[in-house]
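**Student:** One structure, as structure tokens, below. Some questions next.
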Amino acid sequence: MPSSTSRRTVIKAGAVIMALGLTSCTGMPSPSPTSGPPSSPPAEPAATFNFGTAAQPLGLDPALSNDVESQRITRQILEGLVGVDQTTGKPTPLLATEWNESNEGRTYTFKLRTGVTFQDGTPFNADAVCTNFNRWFAFSPELRKQAPGSSFKGVFKAHSDEPGLSIFKSCTALGADSVQIDLTQRFTAFLQALTLPAFAIASPAALASGKADVLDQNRGGQAMSAFATNPVGTGPFTLAAWDGDNVTLSSNKAYWGDRGQIATINFLAYNHPQIRLQALLDGKIDGYDAVTVGNFDQLVKRGKQIVQRDPFSVMYVGMNQDVPVLQNQKIRQAVELAIDKETLIRKFFIDNTAKATQFVPPKISGFNNDAPALGHDPAKAKDYLKEGGYAGEELKFYYPLNVTRPYLPTPEKVYAELSRQLTAVGFNIRPVPVDWSDGYLQKVQSTGDHALHILGWNGSYSDADNFVGPLFGEKNGEFGYQDPQVFSKINRARGLPDGKERDELYHTINTQIAATVPAVPVAFPISALALSDRVLSYPASPVLNEVFTKVQLKP
């Protein structure tokens, strides 16, 4: 797989400094055990770090909540077998120190880090690993419906109620510090997939006592388990408090690795960009994510740092083919022809955001330089509506309120412009605003009356399967998309070894998706963070693998 260097641009008072880049391409690692402890103990963490977020988390069980704000917090508390190297982007040892692949890519054996305990004092070992894998595999249909943020099926294709369809076969403890995971077929991106927060290893004792699979708690309108309000992992921080919109973490005194400088992290939720900006200017926070175009100039004028991530997400307009009028391909094509992507990007996205014609970002192997796109042509959109027999049927257009996402900085403004463009060619649009915290994700990703909606996908590991697989690998409630040929090709591509044949198959997949228009990709957005002068460096990552032990602060 060709490597691609990820830009980390720091802007301060108008000056642009190119810092050491990250690479966003991953490959097979050659891991080796980490070196022994330093000769002298590091200083005890003492700093408090206040970070502004765009929304409160939807739950703190990463196996069931895949939104950005939930994962930002759970990455600090729980760890997986495999991490992401900040320099190369490749899988790197974390709770597993080394691994090997056998049985033609269907068996992986992991040597586990020894002497590690969960934050509740119970031991991390092979049995704990298998408890977690078996839990994910056994998620019931009812639980999956309650928690559409589960990532297991998107990666492994099926759960234990359909074992013949699942890529996951079994987990076996070979000893306290050795575990074997067997797959039913080769899965090229398996190690990359294990870097997802969803596959972080939780304390079996805490899962049991917190009844992790019983969603009988309610927090901000979200159903979750008691465990999801008090997660327990092996990570460098523990949950100290979750009070309304704010979450406080404390340094884990028993952490096996580098604890960094920070003793306390306060995640403070501000659902409006201007409020986040003002909190930074007032010194209430040390940094915040999801900088918007409207804040950029103000931050630069005030001498604040802006750190940009390479584009690793796609923003799109989704269409639901379970709504009868959208089963007509001409009408879906008319939606694409009506959308002026360049205007949307110029008005609402950070400079250098690229126009999207497919769902795989340009720096990922499998990106198709020749993917078909209809372009922006309002006159042709009107013709297609006429040819498709559109008779002015009302289309409910869902969009989120009170949130900023890495792929969607100002949802209300983006919706307003899209609605204007669609109405101009003859669509009858009915706005359906839904507060993000009132279950927007669940509403648009489940079967329902949403005809159109705006959303995006933020890549979590560097493989084309991470983009097309979860979105278009099977029929789902978001798009009502049914193309067995594409489903079959996606399943085949994920098992091919890296190389020309795999890339060409993803080119074909991208072409077929683009031709049938189940959704309209609009942009590959650049996301950015704003930081105070107190911050010397921040571990910006295209896949958002940002653990705060790596934040460096001025003394």
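Going through the structure tokens in order, the chains are called A, B, and so on, while each chain numbers its residues from 1 and the ligands are numbered from 1 in the order shown.
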If you run DSSP on this backbone, which residues of stretch 335-502 of chain A come out as strand (DSSP E or B), and could you give them as a list in words?
**Tutor:** Ala354, Lys355, Glu394, Leu395, Lys396, Phe397, Tyr398, Tyr399, Pro400, Leu401, Arg405, Leu408, Asn428, Ile429, Arg430, Pro431, Val432, Pro433, Val434, Asp435, Leu452, His453, Ile454, Leu455, Gly456, Trp457 and Asn458 of chain A
**Student:** Okay, now the selection with C-alpha atoms, as a CSV table (one decimal), in the first residue's frame?
**Tutor:**
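Contents of the output file result_3.csv:
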```
chain,number,residue,atom,x,y,z
A,354,ALA,CA,-11.8,18.6,-1.4
A,355,LYS,CA,-15.0,17.9,-3.4
A,394,GLU,CA,-43.0,15.6,-0.1
A,395,LEU,CA,-39.5,14.5,1.0
A,396,LYS,CA,-38.7,14.7,4.7
A,397,PHE,CA,-35.2,16.0,5.0
A,398,TYR,CA,-33.6,15.3,8.4
A,399,TYR,CA,-30.7,17.4,9.7
A,400,PRO,CA,-29.1,17.7,13.2
A,401,LEU,CA,-29.2,20.6,15.6
A,405,ARG,CA,-18.9,17.0,13.6
A,408,LEU,CA,-20.1,18.6,9.3
A,428,ASN,CA,-40.8,19.4,-2.4
A,429,ILE,CA,-38.6,19.5,0.8
A,430,ARG,CA,-40.0,19.2,4.3
A,431,PRO,CA,-37.4,20.1,7.0
A,432,VAL,CA,-37.1,17.8,10.0
A,433,PRO,CA,-34.7,19.2,12.5
A,434,VAL,CA,-33.6,16.8,15.2
A,435,ASP,CA,-31.4,17.7,18.1
A,452,LEU,CA,-33.1,12.6,2.8
A,453,HIS,CA,-30.6,13.4,5.6
A,454,ILE,CA,-27.1,14.8,6.0
A,455,LEU,CA,-24.4,12.9,7.8
A,456,GLY,CA,-20.8,11.8,7.3
A,457,TRP,CA,-18.4,9.0,8.0
A,458,ASN,CA,-15.1,9.5,9.9
```
**Student:** Would you kindly return, as a short mmCIF file (atom, residue, chain, number, x, y, z; two decimals) with N, CA and C atoms, in the first residue's frame, each protein, DNA or RNA residue with an atom no farther than 7 Å from any atom of stretch 121-126 of chain A, considering only C-alpha atoms and excluding same-chain residues fewer than 4 positions away?
**Tutor:**
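The new file result15.cif reads:
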```cif
data_model
loop_
_atom_site.label_atom_id
_atom_site.label_comp_id
_atom_site.auth_asym_id
_atom_site.auth_seq_id
_atom_site.Cartn_x
_atom_site.Cartn_y
_atom_site.Cartn_z
N VAL A 116 -0.36 -6.28 33.72
CA VAL A 116 -1.34 -5.21 33.52
C VAL A 116 -2.61 -5.54 34.30
N THR A 117 -3.16 -4.54 34.98
CA THR A 117 -4.43 -4.73 35.66
C THR A 117 -5.45 -3.72 35.14
N CYS A 130 -10.97 -12.88 25.68
CA CYS A 130 -12.02 -13.72 25.09
C CYS A 130 -13.40 -13.36 25.63
N ALA A 173 -8.17 -18.83 24.78
CA ALA A 173 -7.05 -18.51 25.67
C ALA A 173 -6.06 -19.67 25.65
N GLY A 175 -3.18 -19.55 27.19
CA GLY A 175 -2.46 -19.39 28.45
C GLY A 175 -2.80 -18.02 28.96
N ALA A 176 -2.31 -17.64 30.12
CA ALA A 176 -2.67 -16.34 30.68
C ALA A 176 -2.26 -15.20 29.77
N ASP A 177 -1.13 -15.36 29.07
CA ASP A 177 -0.60 -14.26 28.26
C ASP A 177 -0.58 -14.57 26.77
N SER A 178 -1.45 -15.46 26.32
CA SER A 178 -1.49 -15.81 24.90
C SER A 178 -2.92 -16.11 24.49
N VAL A 179 -3.34 -15.49 23.37
CA VAL A 179 -4.72 -15.68 22.92
C VAL A 179 -4.74 -15.90 21.42
#
```
**Student:** With only C-alpha atoms as the counted atoms, please give the residues lying no more than 12 Å from A:Leu196, apart from itself and same-chain residues fewer than 4 positions off, as an MDAnalysis selection string.
**Tutor:** chainID A and resid 62:63 65:68 71:72 74:75 78:84 91 150:152 154:155 189:192 200:201 458:462 466 543:545
**Student:** Using only C-alpha atoms, which of the listed residues (A:Ala263, A:Leu496, A:Val517, A:Val291) sits closest to A:Lys330?
**Tutor:**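 Among A:Ala263, A:Leu496, A:Val517, A:Val291, it is A:Val517 that comes nearest to A:Lys330.
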**Student:** Between A:Leu94, A:Val444, A:Ala54, A:Leu536, which has the minimum distance to A:Asn320 (counting only C-alpha atoms)?
**Tutor:** A:Val444
**Student:** Enumerate the residues of stretch 284-507 of chain A with a DSSP assignment of alpha helix (DSSP H), computed from the backbone, and present them as a PyMOL selection string.
**Tutor:** chain A and resi 293-301+329-338+341-348+378-387+411-424+440-445+465-472+484-493+500-507
**Student:** Figure out the distance between atom CA of A:His450 and atom CA of A:Gly149, please, to one decimal in Å.
**Tutor:**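 Value for the atom CA of A:Gly149-atom CA of A:His450 distance: 18.4 Å.
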**Student:** Find the spatial neighbours of A:Gly375, counting only C-alpha atoms, within a cut-off of 12 Å - ignore same-chain residues fewer than 5 positions away - and output them as a compact mmCIF listing (two decimals) with C-alpha atoms, in the first residue's frame.
**Tutor:**
```txt
# COMPACT_ATOMS: atom_id res chain seq x y z
CA GLN A 333 -29.62 11.25 -9.85
CA ALA A 334 -31.64 14.48 -9.90
CA VAL A 335 -30.68 15.00 -6.25
CA GLU A 336 -27.00 14.69 -7.18
CA LEU A 337 -27.37 17.03 -10.18
CA ALA A 338 -29.10 19.65 -8.01
CA ILE A 339 -26.32 19.81 -5.42
CA ASP A 340 -23.67 22.47 -5.93
CA LYS A 341 -20.80 20.93 -3.97
CA GLU A 342 -18.35 23.73 -4.71
CA LYS A 355 -14.97 17.88 -3.42
CA ALA A 356 -16.01 14.23 -3.16
CA THR A 357 -17.26 12.01 -5.98
CA LYS A 380 -30.63 18.38 -16.25
CA ALA A 381 -31.91 17.77 -12.69
CA ALA A 514 -21.43 6.18 -7.75
CA VAL A 520 -24.34 11.80 -2.67
CA PRO A 521 -20.78 12.30 -1.38
CA VAL A 522 -20.22 16.03 -1.03
```
**Student:** What's around stretch 223-227 of chain A at 7 Å? Count only C-alpha atoms, leave out sequence neighbours fewer than 3 positions away in its own chain, and write the answer as a PDB file with N, CA, C and O atoms, in the first residue's frame.
**Tutor:**
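The resulting file, part-v2.pdb, is shown below:
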```
ATOM      1  N   GLY A  59     -22.631   7.777  25.187  1.00  0.00           N
ATOM      2  CA  GLY A  59     -22.445   6.590  26.020  1.00  0.00           C
ATOM      3  C   GLY A  59     -20.968   6.285  26.093  1.00  0.00           C
ATOM      4  O   GLY A  59     -20.215   6.633  25.178  1.00  0.00           O
ATOM      5  N   ASP A  61     -19.599   3.122  26.623  1.00  0.00           N
ATOM      6  CA  ASP A  61     -19.256   1.743  26.272  1.00  0.00           C
ATOM      7  C   ASP A  61     -18.883   1.772  24.795  1.00  0.00           C
ATOM      8  O   ASP A  61     -19.755   1.840  23.927  1.00  0.00           O
ATOM      9  N   ALA A 206     -16.295  -5.648  35.624  1.00  0.00           N
ATOM     10  CA  ALA A 206     -17.092  -4.422  35.474  1.00  0.00           C
ATOM     11  C   ALA A 206     -18.219  -4.622  34.472  1.00  0.00           C
ATOM     12  O   ALA A 206     -19.320  -4.088  34.655  1.00  0.00           O
ATOM     13  N   LEU A 207     -17.972  -5.372  33.402  1.00  0.00           N
ATOM     14  CA  LEU A 207     -19.037  -5.671  32.442  1.00  0.00           C
ATOM     15  C   LEU A 207     -20.179  -6.405  33.131  1.00  0.00           C
ATOM     16  O   LEU A 207     -21.358  -6.122  32.897  1.00  0.00           O
ATOM     17  N   GLY A 210     -21.855  -4.093  35.892  1.00  0.00           N
ATOM     18  CA  GLY A 210     -22.560  -2.992  35.247  1.00  0.00           C
ATOM     19  C   GLY A 210     -23.613  -3.434  34.261  1.00  0.00           C
ATOM     20  O   GLY A 210     -24.179  -2.599  33.555  1.00  0.00           O
ATOM     21  N   LYS A 211     -23.882  -4.770  34.205  1.00  0.00           N
ATOM     22  CA  LYS A 211     -24.891  -5.322  33.288  1.00  0.00           C
ATOM     23  C   LYS A 211     -24.795  -4.641  31.924  1.00  0.00           C
ATOM     24  O   LYS A 211     -25.734  -4.004  31.439  1.00  0.00           O
ATOM     25  N   ALA A 212     -23.624  -4.811  31.312  1.00  0.00           N
ATOM     26  CA  ALA A 212     -23.267  -4.041  30.122  1.00  0.00           C
ATOM     27  C   ALA A 212     -24.218  -4.222  28.949  1.00  0.00           C
ATOM     28  O   ALA A 212     -24.305  -3.351  28.083  1.00  0.00           O
ATOM     29  N   ASP A 213     -24.932  -5.342  28.902  1.00  0.00           N
ATOM     30  CA  ASP A 213     -25.835  -5.594  27.773  1.00  0.00           C
ATOM     31  C   ASP A 213     -27.294  -5.301  28.106  1.00  0.00           C
ATOM     32  O   ASP A 213     -28.193  -5.635  27.324  1.00  0.00           O
ATOM     33  N   VAL A 214     -27.515  -4.655  29.241  1.00  0.00           N
ATOM     34  CA  VAL A 214     -28.873  -4.275  29.640  1.00  0.00           C
ATOM     35  C   VAL A 214     -28.952  -2.749  29.651  1.00  0.00           C
ATOM     36  O   VAL A 214     -28.388  -2.092  30.532  1.00  0.00           O
ATOM     37  N   LEU A 215     -29.627  -2.188  28.663  1.00  0.00           N
ATOM     38  CA  LEU A 215     -29.648  -0.731  28.511  1.00  0.00           C
ATOM     39  C   LEU A 215     -30.833  -0.149  29.275  1.00  0.00           C
ATOM     40  O   LEU A 215     -31.819   0.305  28.702  1.00  0.00           O
ATOM     41  N   ASP A 216     -30.706  -0.158  30.608  1.00  0.00           N
ATOM     42  CA  ASP A 216     -31.807   0.286  31.462  1.00  0.00           C
ATOM     43  C   ASP A 216     -31.539   1.643  32.109  1.00  0.00           C
ATOM     44  O   ASP A 216     -32.267   2.064  33.001  1.00  0.00           O
ATOM     45  N   GLN A 217     -30.485   2.323  31.662  1.00  0.00           N
ATOM     46  CA  GLN A 217     -30.171   3.656  32.160  1.00  0.00           C
ATOM     47  C   GLN A 217     -30.527   4.680  31.078  1.00  0.00           C
ATOM     48  O   GLN A 217     -30.589   4.353  29.897  1.00  0.00           O
ATOM     49  N   ASN A 218     -30.730   5.926  31.504  1.00  0.00           N
ATOM     50  CA  ASN A 218     -31.008   6.993  30.549  1.00  0.00           C
ATOM     51  C   ASN A 218     -30.152   8.200  30.880  1.00  0.00           C
ATOM     52  O   ASN A 218     -30.155   8.677  32.016  1.00  0.00           O
ATOM     53  N   ARG A 219     -29.394   8.655  29.912  1.00  0.00           N
ATOM     54  CA  ARG A 219     -28.518   9.806  30.112  1.00  0.00           C
ATOM     55  C   ARG A 219     -28.676  10.723  28.913  1.00  0.00           C
ATOM     56  O   ARG A 219     -28.327  10.352  27.802  1.00  0.00           O
ATOM     57  N   ASN A 230     -19.997   4.111  33.604  1.00  0.00           N
ATOM     58  CA  ASN A 230     -18.797   3.973  34.439  1.00  0.00           C
ATOM     59  C   ASN A 230     -17.894   2.883  33.867  1.00  0.00           C
ATOM     60  O   ASN A 230     -17.733   1.814  34.455  1.00  0.00           O
ATOM     61  N   PRO A 231     -17.284   3.137  32.705  1.00  0.00           N
ATOM     62  CA  PRO A 231     -16.478   2.107  32.043  1.00  0.00           C
ATOM     63  C   PRO A 231     -15.164   1.849  32.782  1.00  0.00           C
ATOM     64  O   PRO A 231     -14.616   2.747  33.432  1.00  0.00           O
TER      65      PRO A 231
END
```
**Student:** Please report the interatomic distance between atom CA of A:Gly389 and atom CA of A:Val323 in Å with one decimal.
**Tutor:**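 Going from atom CA of A:Gly389 over to atom CA of A:Val323 covers 14.8 Å.
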